[in-house]
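Trainee: Just so it is clear, I am handing over coords-v2.txt, which has compact mmCIF, C-alpha atoms.
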# COMPACT_ATOMS: atom_id res chain seq x y z
CA MET A 86 -1.73 15.42 -17.76
CA PRO A 87 0.60 16.10 -20.68
CA GLU A 88 4.25 15.05 -20.83
CA LEU A 89 6.25 17.93 -19.32
CA GLY A 90 9.74 16.51 -19.82
CA GLU A 91 11.54 13.31 -20.73
CA SER A 92 12.12 12.28 -17.12
CA VAL A 93 8.79 13.54 -15.74
CA HIS A 94 6.44 10.60 -15.16
CA GLU A 95 4.27 11.95 -12.35
CA GLY A 96 3.16 15.23 -10.87
CA THR A 97 0.99 16.54 -8.06
CA VAL A 98 -2.11 18.68 -8.43
CA SER A 99 -1.15 21.70 -6.38
CA ARG A 100 -4.15 23.91 -7.16
CA TRP A 101 -7.30 23.95 -9.28
CA LEU A 102 -7.80 27.36 -10.87
CA LYS A 103 -11.42 26.53 -11.78
CA LYS A 104 -14.17 24.70 -9.88
CA VAL A 105 -16.87 22.30 -11.01
CA GLY A 106 -19.53 24.15 -13.00
CA ASP A 107 -17.18 26.88 -14.25
CA PHE A 108 -17.00 27.64 -17.94
CA VAL A 109 -13.45 27.51 -19.32
CA LYS A 110 -12.06 28.67 -22.62
CA GLU A 111 -9.60 26.66 -24.67
CA ASP A 112 -5.99 27.39 -23.64
CA GLU A 113 -7.16 29.11 -20.44
CA PRO A 114 -5.18 27.96 -17.37
CA VAL A 115 -7.34 25.49 -15.48
CA VAL A 116 -5.06 23.54 -13.11
CA GLU A 117 -1.62 23.94 -11.56
CA ILE A 118 0.71 20.92 -11.53
CA MET A 119 3.91 20.51 -9.53
CA THR A 120 6.67 18.36 -11.01
CA ASP A 121 10.21 18.28 -9.63
CA LYS A 122 9.24 21.21 -7.42
CA VAL A 123 8.21 23.40 -10.36
CA ASN A 124 4.65 24.70 -10.60
CA THR A 125 3.23 24.61 -14.14
CA GLU A 126 -0.17 25.94 -15.17
CA LEU A 127 -1.91 23.61 -17.63
CA PRO A 128 -4.35 25.10 -20.18
CA ALA A 129 -7.78 23.71 -20.96
CA PRO A 130 -7.70 21.51 -24.10
CA ALA A 131 -11.14 22.73 -25.19
CA SER A 132 -13.86 25.23 -24.36
CA GLY A 133 -16.75 24.05 -22.23
CA VAL A 134 -17.91 23.43 -18.68
CA LEU A 135 -15.72 21.71 -16.11
CA THR A 136 -18.12 18.98 -14.98
CA GLN A 137 -15.78 16.76 -12.96
CA ILE A 138 -12.52 17.03 -11.07
CA LEU A 139 -10.99 13.56 -10.92
CA ILE A 140 -7.73 14.36 -9.13
CA GLN A 141 -8.01 16.49 -6.02
CA GLU A 142 -5.49 19.05 -4.79
CA GLY A 143 -2.47 17.41 -3.17
CA GLU A 144 -3.01 14.10 -4.98
CA PRO A 145 -0.50 12.59 -7.45
CA VAL A 146 -1.26 12.11 -11.14
CA GLU A 147 0.65 10.14 -13.74
CA VAL A 148 1.48 11.44 -17.21
CA PHE A 149 -1.38 10.93 -19.73
CA HIS A 150 -3.97 10.31 -16.99
CA ALA A 151 -7.09 12.47 -16.90
CA MET A 152 -7.45 15.04 -14.13
CA GLY A 153 -10.91 16.35 -14.95
CA ILE A 154 -13.69 16.35 -17.53
CA ILE A 155 -14.72 19.31 -19.67
CA GLU A 156 -17.98 18.95 -21.57
CA GLU A 157 -17.66 20.84 -24.81
CA GLY A 158 -20.32 22.99 -26.40
CA GLY A 159 -21.48 24.60 -23.18
CA SER A 160 -21.37 28.23 -22.17
CA ALA A 161 -21.13 30.11 -18.94
CA GLY A 162 -24.78 31.11 -19.10
CA ALA A 163 -26.24 27.87 -20.41
CA GLU A 164 -24.21 25.03 -18.89
CA ALA A 165 -23.36 26.38 -15.47
CA PRO A 166 -27.00 26.21 -14.26
CA LYS A 167 -27.22 22.63 -15.57
CA ALA A 168 -24.08 21.70 -13.70
CA ALA A 169 -25.49 23.29 -10.55
CA ALA A 170 -28.78 21.41 -10.94
CA LYS A 171 -26.88 18.19 -11.48
CA ALA A 172 -24.87 18.84 -8.34
CA GLU A 173 -28.08 19.44 -6.36
CA THR A 174 -29.50 16.13 -7.64
CA LYS A 175 -26.34 14.32 -6.54
CA ALA A 176 -26.47 16.02 -3.15
CA ALA A 177 -29.94 14.57 -2.60
CA GLU A 178 -28.80 11.03 -3.32
CA PRO A 179 -27.39 10.24 0.16
CA ALA A 180 -30.76 10.69 1.83
CA ALA A 181 -32.37 8.29 -0.63
CA ALA A 182 -29.50 5.86 -0.31
CA LYS A 183 -30.02 5.56 3.46
CA ALA A 184 -33.46 4.07 2.88
CA GLU A 185 -32.07 1.38 0.57
CA GLU A 186 -30.09 -1.71 1.43
CA LYS A 187 -26.38 -1.12 2.09
CA PRO A 188 -24.39 -2.11 -1.04
CA ALA A 189 -22.19 -5.19 -0.91
CA ALA A 190 -18.54 -4.53 -0.16
CA SER A 191 -17.49 -6.04 -3.47
CA ALA A 192 -19.69 -3.79 -5.59
CA PRO A 193 -17.79 -1.26 -7.68
CA ALA A 194 -17.52 2.04 -5.83
CA ALA A 195 -17.26 3.92 -9.09
CA ALA A 196 -20.76 3.02 -10.19
CA ALA A 197 -22.43 5.88 -8.34
CA ALA A 198 -19.50 8.17 -7.64
CA SER A 199 -18.87 8.88 -11.31
CA GLY A 200 -22.47 9.76 -12.06
CA ASP A 201 -24.15 8.47 -15.23
CA ARG A 202 -20.99 8.70 -17.29
CA LYS A 203 -18.20 6.14 -16.81
CA TRP A 204 -14.66 7.29 -17.47
CA TYR A 205 -11.56 5.16 -17.96
CA THR A 206 -7.95 6.19 -18.47
CA PRO A 207 -6.40 5.76 -21.95
CA VAL A 208 -4.25 2.94 -20.53
CA VAL A 209 -7.29 1.05 -19.24
CA ARG A 210 -9.08 1.57 -22.56
CA ALA A 211 -6.06 0.26 -24.49
CA ILE A 212 -5.81 -2.89 -22.32
CA ALA A 213 -9.54 -3.48 -22.63
CA LYS A 214 -9.43 -3.15 -26.40
CA ALA A 215 -6.41 -5.48 -26.70
CA ASN A 216 -8.17 -8.14 -24.62
CA GLY A 217 -11.65 -7.71 -26.03
CA LEU A 218 -13.24 -6.38 -22.85
CA SER A 219 -16.63 -4.77 -23.32
CA ASP A 220 -17.87 -1.70 -21.43
CA ASP A 221 -20.17 -4.01 -19.46
CA GLU A 222 -17.20 -6.06 -18.30
CA LEU A 223 -15.24 -2.93 -17.38
CA SER A 224 -18.13 -1.58 -15.35
CA GLY A 225 -18.19 -4.82 -13.36
CA ILE A 226 -14.57 -4.52 -12.24
CA SER A 227 -14.11 -3.21 -8.71
CA GLY A 228 -12.01 -0.04 -8.92
CA THR A 229 -9.33 0.77 -6.36
CA GLY A 230 -8.40 4.17 -7.81
CA ASN A 231 -9.47 7.63 -6.71
CA GLN A 232 -13.28 7.77 -6.25
CA GLY A 233 -13.50 4.09 -7.21
CA ARG A 234 -12.01 4.47 -10.69
CA VAL A 235 -10.78 1.33 -12.42
CA THR A 236 -6.98 1.38 -12.70
CA LYS A 237 -4.49 -0.51 -14.85
CA LYS A 238 -3.76 -2.88 -11.94
CA ASP A 239 -7.48 -3.55 -11.49
CA VAL A 240 -7.88 -4.62 -15.12
CA GLU A 241 -4.69 -6.71 -15.09
CA GLY A 242 -5.84 -8.43 -11.89
CA TYR A 243 -9.25 -9.09 -13.44
CA LEU A 244 -7.65 -10.65 -16.54
CA ALA A 245 -5.21 -12.70 -14.46
CA GLY A 246 -8.09 -14.05 -12.35
CA GLY A 247 -9.92 -15.57 -15.28
CA ARG A 248 -12.14 -12.57 -16.02
CA ALA A 249 -14.44 -13.19 -13.06
CA SER A 250 -15.48 -9.61 -12.59
CA THR A 251 -17.82 -9.82 -9.62
CA PRO A 252 -18.31 -12.50 -6.91
CA ALA A 253 -21.54 -14.50 -6.94
CA SER A 254 -22.61 -12.73 -3.79
CA ALA A 255 -22.89 -9.49 -5.72
CA PRO A 256 -23.87 -10.23 -9.35
CA VAL A 257 -23.67 -7.39 -11.84
CA SER A 258 -27.31 -7.73 -12.69
CA ALA A 259 -28.42 -7.44 -9.08
CA PRO A 260 -29.74 -4.05 -7.98
CA VAL A 261 -27.12 -2.10 -6.13
CA ALA A 262 -27.90 0.77 -3.81
CA LYS A 263 -26.45 4.09 -4.82
CA ALA A 264 -23.45 5.26 -2.86
CA PRO A 265 -23.48 8.75 -1.41
CA ALA A 266 -22.42 11.38 -3.90
CA VAL A 267 -18.82 12.46 -3.70
CA SER A 268 -18.08 16.16 -4.02
CA LEU A 269 -15.79 16.76 -6.99
CA GLU A 270 -14.71 20.20 -5.96
CA PRO A 271 -11.23 20.65 -4.44
CA LYS A 272 -11.39 20.81 -0.68
CA ALA A 273 -9.30 23.21 1.34
CA VAL A 274 -7.24 21.52 4.03
CA GLU A 275 -8.80 22.48 7.34
CA PRO A 276 -6.30 22.79 10.22
CA THR A 277 -7.26 20.39 13.04
CA VAL A 278 -6.54 21.46 16.58
CA ALA A 279 -4.20 18.91 18.20
CA GLY A 280 -3.74 20.71 21.51
CA PRO A 281 -4.56 23.98 23.26
CA ASP A 282 -1.84 25.82 21.34
CA GLN A 283 -1.35 23.53 18.32
CA GLU A 284 -2.82 22.88 14.92
CA LEU A 285 -2.19 20.23 12.26
CA VAL A 286 -1.21 21.42 8.78
CA GLN A 287 -1.26 18.95 5.90
CA LEU A 288 2.07 18.44 4.14
CA VAL A 289 1.20 19.19 0.51
CA GLY A 290 2.61 20.80 -2.60
CA MET A 291 6.26 21.80 -2.65
CA ARG A 292 6.92 20.83 0.96
CA LYS A 293 5.65 17.30 0.29
CA MET A 294 7.80 17.06 -2.86
CA ILE A 295 10.83 18.18 -0.85
CA ALA A 296 10.03 15.71 1.93
CA ASP A 297 9.70 12.80 -0.49
CA HIS A 298 12.96 13.70 -2.22
CA MET A 299 14.80 14.05 1.08
CA VAL A 300 13.68 10.55 2.10
CA ARG A 301 15.17 9.17 -1.12
CA SER A 302 18.38 11.15 -0.61
CA ALA A 303 18.66 10.04 3.02
CA ALA A 304 18.87 6.42 1.83
CA VAL A 305 22.27 7.20 0.24
CA PRO A 306 25.29 6.56 2.53
CA THR A 307 26.95 9.95 2.83
CA VAL A 308 29.91 11.52 4.61
CA SER A 309 30.79 15.20 5.06
CA THR A 310 34.30 16.65 4.93
CA ILE A 311 35.12 20.21 6.02
CA THR A 312 37.88 22.70 5.32
CA GLU A 313 38.61 26.34 6.15
CA CYS A 314 39.28 28.73 3.33
CA ASP A 315 40.97 32.15 3.35
CA VAL A 316 39.04 34.22 0.80
CA THR A 317 40.58 37.59 1.61
CA PRO A 318 41.65 38.30 -2.03
CA MET A 319 38.16 37.42 -3.31
CA VAL A 320 36.46 39.69 -0.75
CA ALA A 321 38.81 42.57 -1.61
CA PHE A 322 38.19 42.12 -5.35
CA ARG A 323 34.41 42.15 -4.91
CA GLU A 324 34.51 45.27 -2.71
CA ARG A 325 36.54 47.13 -5.33
CA ASN A 326 34.43 46.10 -8.31
CA LYS A 327 30.85 45.47 -7.21
CA ASP A 328 29.54 48.95 -8.10
CA ALA A 329 31.26 49.05 -11.50
CA PHE A 330 30.08 45.48 -12.21
CA LEU A 331 26.47 46.38 -11.53
CA GLU A 332 26.70 49.51 -13.68
CA GLN A 333 28.40 47.76 -16.59
CA TYR A 334 26.59 44.39 -16.64
CA GLY A 335 23.28 45.14 -14.92
CA VAL A 336 23.57 42.39 -12.26
CA LYS A 337 24.91 42.37 -8.73
CA LEU A 338 28.28 40.78 -8.12
CA THR A 339 27.81 38.33 -5.25
CA TYR A 340 30.19 35.70 -3.96
CA THR A 341 28.20 32.82 -5.47
CA PRO A 342 29.51 33.22 -9.06
CA PHE A 343 33.07 32.91 -7.70
CA PHE A 344 32.12 29.68 -5.94
CA ILE A 345 30.47 28.30 -9.08
CA LYS A 346 33.47 29.16 -11.28
CA ALA A 347 36.00 27.59 -8.90
CA LEU A 348 33.72 24.61 -8.29
CA SER A 349 33.26 23.97 -12.01
CA GLU A 350 37.00 23.88 -12.67
CA THR A 351 37.58 21.58 -9.70
CA LEU A 352 34.84 19.19 -10.85
CA LEU A 353 36.62 18.84 -14.19
CA GLU A 354 39.75 17.87 -12.27
CA PHE A 355 37.81 15.28 -10.18
CA PRO A 356 35.11 13.90 -12.52
CA ILE A 357 33.98 11.21 -10.04
CA VAL A 358 32.60 13.97 -7.79
CA ASN A 359 30.58 15.15 -10.79
CA ALA A 360 29.14 11.66 -11.36
CA SER A 361 26.06 9.79 -10.15
CA LEU A 362 25.26 6.17 -9.32
CA ARG A 363 22.27 4.52 -10.96
CA GLU A 364 20.07 1.85 -9.41
CA ASP A 365 21.69 -0.78 -11.65
CA ASN A 366 25.08 0.08 -10.07
CA GLN A 367 26.39 1.84 -13.16
CA ILE A 368 28.21 5.13 -12.65
CA VAL A 369 27.12 7.97 -14.92
CA MET A 370 30.15 10.10 -15.81
CA THR A 371 29.41 13.55 -17.24
CA LYS A 372 31.99 15.57 -19.17
CA GLY A 373 30.27 18.91 -18.58
CA THR A 374 29.48 20.63 -15.28
CA HIS A 375 25.81 21.47 -14.77
CA ILE A 376 25.52 22.96 -11.31
CA GLY A 377 22.28 23.22 -9.38
CA ILE A 378 21.92 26.28 -7.16
CA ALA A 379 19.73 26.02 -4.07
CA VAL A 380 17.34 29.01 -4.07
CA ALA A 381 15.14 29.74 -1.06
CA LEU A 382 11.60 30.89 -1.85
CA GLY A 383 9.51 33.10 0.37
CA ASP A 384 10.45 33.94 3.94
CA LYS A 385 10.90 31.95 7.15
CA GLY A 386 10.59 28.61 5.41
CA GLN A 387 7.13 29.29 4.01
CA GLY A 388 8.07 29.13 0.33
CA GLY A 389 10.29 26.06 0.29
CA LEU A 390 13.49 25.62 -1.65
CA ILE A 391 14.18 24.86 -5.30
CA VAL A 392 17.34 23.90 -7.20
CA PRO A 393 17.45 25.34 -10.74
CA VAL A 394 20.45 24.35 -12.85
CA ILE A 395 23.07 26.49 -14.59
CA ARG A 396 24.24 24.38 -17.50
CA ASP A 397 27.73 24.17 -19.01
CA CYS A 398 29.39 26.18 -16.24
CA HIS A 399 32.79 24.95 -17.44
CA LYS A 400 32.32 26.91 -20.67
CA LYS A 401 31.19 30.19 -19.09
CA THR A 402 32.98 33.26 -17.83
CA LEU A 403 32.38 34.78 -14.41
CA ILE A 404 30.17 37.44 -16.03
CA GLU A 405 28.05 34.85 -17.85
CA ILE A 406 27.62 32.83 -14.67
CA ALA A 407 26.60 35.95 -12.74
CA ARG A 408 23.96 36.74 -15.36
CA ASP A 409 22.64 33.17 -15.40
CA LEU A 410 22.51 33.12 -11.61
CA ASP A 411 20.55 36.37 -11.52
CA GLY A 412 18.15 35.04 -14.15
CA ILE A 413 17.35 31.70 -12.49
CA ALA A 414 16.97 33.33 -9.06
CA LYS A 415 14.39 35.78 -10.44
CA ALA A 416 12.58 33.02 -12.34
CA ALA A 417 12.47 30.82 -9.24
CA ARG A 418 11.06 33.55 -7.01
CA SER A 419 8.46 34.57 -9.61
CA ASN A 420 7.39 30.94 -10.07
CA SER A 421 8.23 31.04 -13.78
CA LEU A 422 10.77 28.20 -13.96
CA LYS A 423 10.13 25.43 -16.48
CA PRO A 424 10.55 21.72 -15.63
CA THR A 425 13.69 21.60 -17.78
CA ASP A 426 15.23 24.36 -15.63
CA VAL A 427 15.57 21.99 -12.67
CA GLN A 428 16.68 18.90 -14.58
CA GLY A 429 20.08 17.61 -15.63
CA GLY A 430 22.14 18.88 -12.69
CA THR A 431 25.38 17.00 -11.97
CA PHE A 432 26.34 18.72 -8.69
CA THR A 433 24.67 21.14 -6.27
CA LEU A 434 25.87 24.27 -4.49
CA THR A 435 24.07 25.61 -1.44
CA ASN A 436 25.10 28.89 0.15
CA PRO A 437 23.66 29.19 3.67
CA GLY A 438 26.39 31.73 4.39
CA THR A 439 24.13 34.29 2.73
CA TYR A 440 21.97 34.09 5.87
CA GLY A 441 24.88 34.04 8.30
CA ALA A 442 25.12 30.28 8.84
CA LEU A 443 28.63 29.30 9.99
CA PHE A 444 28.56 25.56 9.54
CA GLY A 445 26.36 22.66 8.46
CA THR A 446 26.29 19.31 6.67
CA PRO A 447 24.07 19.67 3.60
CA MET A 448 22.21 16.66 2.20
CA ILE A 449 23.05 15.54 -1.33
CA ASN A 450 20.51 15.99 -4.09
CA ALA A 451 20.22 12.34 -5.15
CA PRO A 452 21.18 10.83 -7.54
CA GLN A 453 24.02 13.37 -7.64
CA ALA A 454 27.16 12.25 -5.84
CA GLY A 455 27.94 15.49 -4.01
CA ILE A 456 26.87 18.88 -2.71
CA LEU A 457 28.99 21.78 -1.52
CA GLY A 458 27.93 24.03 1.34
CA ALA A 459 29.48 27.52 1.34
CA TYR A 460 29.16 29.19 4.75
CA ALA A 461 29.48 32.71 6.12
CA ILE A 462 32.64 34.73 5.53
CA ARG A 463 33.97 36.27 8.76
CA LYS A 464 36.97 38.36 9.64
CA MET A 465 39.14 36.31 11.99
CA PRO A 466 42.63 36.49 13.50
CA VAL A 467 44.96 33.92 11.91
CA ILE A 468 48.67 33.12 12.17
CA ILE A 469 50.69 33.94 9.04
CA ASN A 470 54.50 33.64 9.21
CA ASP A 471 54.26 33.54 13.01
CA MET A 472 52.37 36.83 13.02
CA ILE A 473 48.71 37.55 13.76
CA ALA A 474 46.71 38.87 10.80
CA VAL A 475 43.03 39.63 10.25
CA ARG A 476 41.72 37.58 7.30
CA SER A 477 38.36 36.74 5.72
CA ILE A 478 37.73 33.08 6.58
CA MET A 479 34.87 30.72 5.65
CA ASN A 480 33.99 27.03 5.97
CA LEU A 481 33.49 24.80 2.92
CA VAL A 482 31.62 21.53 3.52
CA LEU A 483 31.47 18.70 0.98
CA THR A 484 28.83 16.00 1.48
CA TYR A 485 29.32 13.06 -0.86
CA ASP A 486 28.05 9.61 -1.80
CA HIS A 487 30.51 7.27 -0.07
CA ARG A 488 29.64 4.41 -2.40
CA ILE A 489 31.61 5.96 -5.25
CA ILE A 490 33.70 8.70 -3.56
CA ASP A 491 36.34 7.81 -0.97
CA GLY A 492 37.46 10.11 1.83
CA LEU A 493 40.86 10.56 0.15
CA VAL A 494 39.27 11.83 -3.06
CA ALA A 495 36.91 14.08 -1.10
CA GLY A 496 39.83 15.59 0.81
CA GLN A 497 41.82 16.14 -2.36
CA PHE A 498 38.81 17.74 -4.04
CA LEU A 499 38.23 20.14 -1.16
CA ALA A 500 41.93 21.05 -1.02
CA ALA A 501 41.97 21.83 -4.74
CA LEU A 502 38.83 23.93 -4.45
CA ARG A 503 40.21 25.77 -1.43
CA ASP A 504 43.48 26.52 -3.25
CA ARG A 505 41.60 27.96 -6.22
CA LEU A 506 39.57 30.27 -4.02
CA GLN A 507 42.59 31.37 -1.96
CA LYS A 508 44.80 32.07 -4.98
CA PHE A 509 41.85 33.71 -6.72
CA ASP A 510 43.28 33.53 -10.23
CA PHE A 511 40.56 31.39 -11.81
CA PHE A 512 38.21 34.25 -12.77
CA LYS A 513 40.42 35.65 -15.53
The structure given in the file should be rewritten as structure tokens.
Mentor:
Amino acid sequence: MPELGESVHEGTVSRWLKKVGDFVKEDEPVVEIMTDKVNTELPAPASGVLTQILIQEGEPVEVFHAMGIIEEGGSAGAEAPKAAAKAETKAAEPAAAKAEEKPAASAPAAAAASGDRKWYTPVVRAIAKANGLSDDELSGISGTGNQGRVTKKDVEGYLAGGRASTPASAPVSAPVAKAPAVSLEPKAVEPTVAGPDQELVQLVGMRKMIADHMVRSAAVPTVSTITECDVTPMVAFRERNKDAFLEQYGVKLTYTPFFIKALSETLLEFPIVNASLREDNQIVMTKGTHIGIAVALGDKGQGGLIVPVIRDCHKKTLIEIARDLDGIAKAARSNSLKPTDVQGGTFTLTNPGTYGALFGTPMINAPQAGILGAYAIRKMPVIINDMIAVRSIMNLVLTYDHRIIDGLVAGQFLAALRDRLQKFDFFK
């Protein structure tokens, strides 16, 4: 797996585009990786036959670790039959293995599972070279990785234990029965019936990434503060100008760019809300405002949610923000975002009001210190100068990291944001 960004250290194999035995051309997409909730198709580094898949769909993979093996020099007509024959030979191994003695528990699982070609990660190779480990010694180390592969921890443990690779009860030279062949092709997750009207669906891909991130975010002590906001002038302005805006600039004028513009200016006024707290208890203060926008994918929760970032919002006009918003929304829904498009956010805006939601307490996008929820705009009767008037009212909800933001600051921030939206003079 190549390095896909400075802060990307791990990804998840979301889908193999080729199967074992397929011929692939150099630079042809062969596997789809998900990092930070972005799907990226990785090209084949060379032409040949995909002979092994080392990381299955739904499994994690670290940067620079191998995900599969392509044997160069093959062709679709020549190598595919060989791969098929090899697969048939491996499929016959379990029957023969049953007649032999059961292998000792300490014997390396990788010995048979990897076929007649041993493979080690670049990290394992580097450690072996630095410590003078031969291939024979490596092959004697019990692997705890996927399909019995030897990992970095396995080698370090072997070195720390005095280089005693295999217990006396299972010497390397002793004959070891072959383990049943392991299918290298990606397996589809089969729903398992849990009840008469239920089925179990494996949590994989984007939903698993979201779940993992939400667990990390839930560990942050948060509080939510709410305010009502009269956005009647903003609603009137949009109604008057939305058609002309679309005709002149080619993008729809929604309420979200107004929220982003007002939010950006308010974050400059309260920089602690635009900050984040690191694990070493240092607060990261950012001078610019880089706002993540929650974008729902698919329908009825099937596509998940992603948070691309509009950078330098404090430098942009309402028109520029509207164009950027339109661009990232289209890229997100067409699955063409890059890993850098979802990195570097300092604050997040979510707009459930688009779907009619009236109120909620959004969860922060850790390590960011805050998230703003903008909820549905409704016409409501309000008292103005002791008289009843019909106004466009909405709820604004700020959820924040209480370790670095106090309730007083949160209240002041929300009041300043509310005033900007109600006066509606920030867009000029």
Trainee: Could you check the closest approach to A:Ile226 for each of A:Glu332, A:Val240, A:Tyr485, A:Ala213 and tell me which residue wins, using only C-alpha atoms?
Mentor: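 Under the stated criterion, the closest residue is A:Val240.
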Trainee: What lies within 7 Å of stretch 339-351 of chain A using only C-alpha atoms, ignoring chain neighbours under 3 positions off, as a PyMOL selection string?
Mentor: chain A and resi 354-355+374+398-399+403+406-407+498+501-502+505-506+511
Trainee: For atom CA of A:Ile357 and atom CA of A:Asp411, quote the distance in Å rounded to one decimal.
Mentor: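 Atom-to-atom, atom CA of A:Ile357 to atom CA of A:Asp411, that is 28.6 Å.
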Trainee: I'd like the neighbourhood of A:Ile140 as a PyMOL selection string, where a residue qualifies if any of its atoms comes within 8 Å (using all atoms listed in the file), though same-chain residues fewer than 2 positions away should be ignored.
Mentor: chain A and resi 98+138+142+144-146+152-153+231
Trainee: Would you kindly identify which residues have an atom no farther than 7 Å from (15.2, 26.2, -1.9), using only C-alpha atoms and the file's own coordinates, and write them out as number ranges by chain?
Mentor: A: 379-382, 389-392
Trainee: Record the distance separating atom CA of A:Met370 and atom CA of A:Asp426, expressed in Å with one decimal.
Mentor: 20.6 Å
Trainee: Please report the interatomic distance between atom CA of A:Thr307 and atom CA of A:Gly441 in Å with one decimal.
Mentor: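 Distance reported for this atom pair: 24.8 Å.
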